[in-house]
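The structure under discussion appears below in the form of structure tokens.
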Amino acid sequence: MRALNLRFRGIDAVTDVLSFPLTDAGPVGAAEVLGDIVICLPLAAARARRRRCPLEDELAVLLTHGMLHLLGYDHATPAAARAMAEAEMGVLAAIGRDPELALIGRALG
């Protein structure tokens, strides 16, 4: 994950999730493939242990976060980060997960 982060983002550090859109054309229709999401399982497992939550919950947060990036969300500014957090909470609630997991996940980094 560190090598991917360095190669594609220029950041020499491990990260929890990376998204790779298939196109730069912006958001696409629901039936189309958006791109790839790579999750760092060891980092996700460690975070789940720290939070004392099931690994499945942490993976749901990371998958949601990566999917929203593919849909055009980012967290480059405080306003964008708030919008993305709200979207994450909405998705998590819709799939039956605790929406607060989105906020806790980001706070833990």
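Letters A, B, ... mark the chains of the structure tokens in the order given; residue numbers begin at 1 per chain; ligand numbers begin at 1, in order shown.
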
(Q) Can you tell me which residues surround stretch 77-92 of chain A at a distance of at most 8 Å, considering only C-alpha atoms, apart from same-chain residues fewer than 6 positions away, and format the answer as a ChimeraX atom specification? (A) /A:60-61,64-65,68,98-103

Residues flagged strand (DSSP E) by DSSP in chain A, as a JSON list (two decimals) with N, CA and C atoms, in the first residue's frame:
[["chain", "number", "residue", "atom", "x", "y", "z"],
["A", 17, "VAL", "N", -6.90, 3.51, 2.39],
["A", 17, "VAL", "CA", -7.67, 3.21, 1.19],
["A", 17, "VAL", "C", -7.23, 4.12, 0.05],
["A", 18, "LEU", "N", -7.16, 3.55, -1.15],
["A", 18, "LEU", "CA", -6.88, 4.31, -2.36],
["A", 18, "LEU", "C", -7.94, 3.99, -3.39],
["A", 19, "SER", "N", -8.32, 5.00, -4.15],
["A", 19, "SER", "CA", -9.29, 4.84, -5.22],
["A", 19, "SER", "C", -8.64, 5.20, -6.54],
["A", 20, "PHE", "N", -8.92, 4.40, -7.56],
["A", 20, "PHE", "CA", -8.37, 4.62, -8.89],
["A", 20, "PHE", "C", -9.51, 4.68, -9.89],
["A", 21, "PRO", "N", -9.95, 5.89, -10.26],
["A", 21, "PRO", "CA", -11.04, 5.99, -11.24],
["A", 21, "PRO", "C", -10.61, 5.49, -12.61],
["A", 35, "GLY", "N", -14.27, 2.31, -11.07],
["A", 35, "GLY", "CA", -12.83, 2.18, -10.93],
["A", 35, "GLY", "C", -12.49, 1.13, -9.91],
["A", 36, "ASP", "N", -11.29, 1.21, -9.38],
["A", 36, "ASP", "CA", -10.81, 0.24, -8.40],
["A", 36, "ASP", "C", -10.62, 0.91, -7.05],
["A", 37, "ILE", "N", -10.84, 0.12, -6.00],
["A", 37, "ILE", "CA", -10.59, 0.56, -4.63],
["A", 37, "ILE", "C", -9.66, -0.45, -4.00],
["A", 38, "VAL", "N", -8.57, 0.04, -3.40],
["A", 38, "VAL", "CA", -7.60, -0.82, -2.72],
["A", 38, "VAL", "C", -7.64, -0.46, -1.24],
["A", 39, "ILE", "N", -7.84, -1.48, -0.41],
["A", 39, "ILE", "CA", -7.91, -1.29, 1.03],
["A", 39, "ILE", "C", -6.72, -2.01, 1.66]]

Q: Provide the atom CA of A:Leu22 to atom CA of A:Leu59 distance in Å, to one decimal place.
A: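 Value for the atom CA of A:Leu22-atom CA of A:Leu59 distance: 21.8 Å.
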
Q. Running DSSP on the backbone, which parts of chain A land in alpha helix (DSSP H), as a VMD selection string?
A. chain A and resid 2 to 9 41 to 51 55 to 70 78 to 94 100 to 108
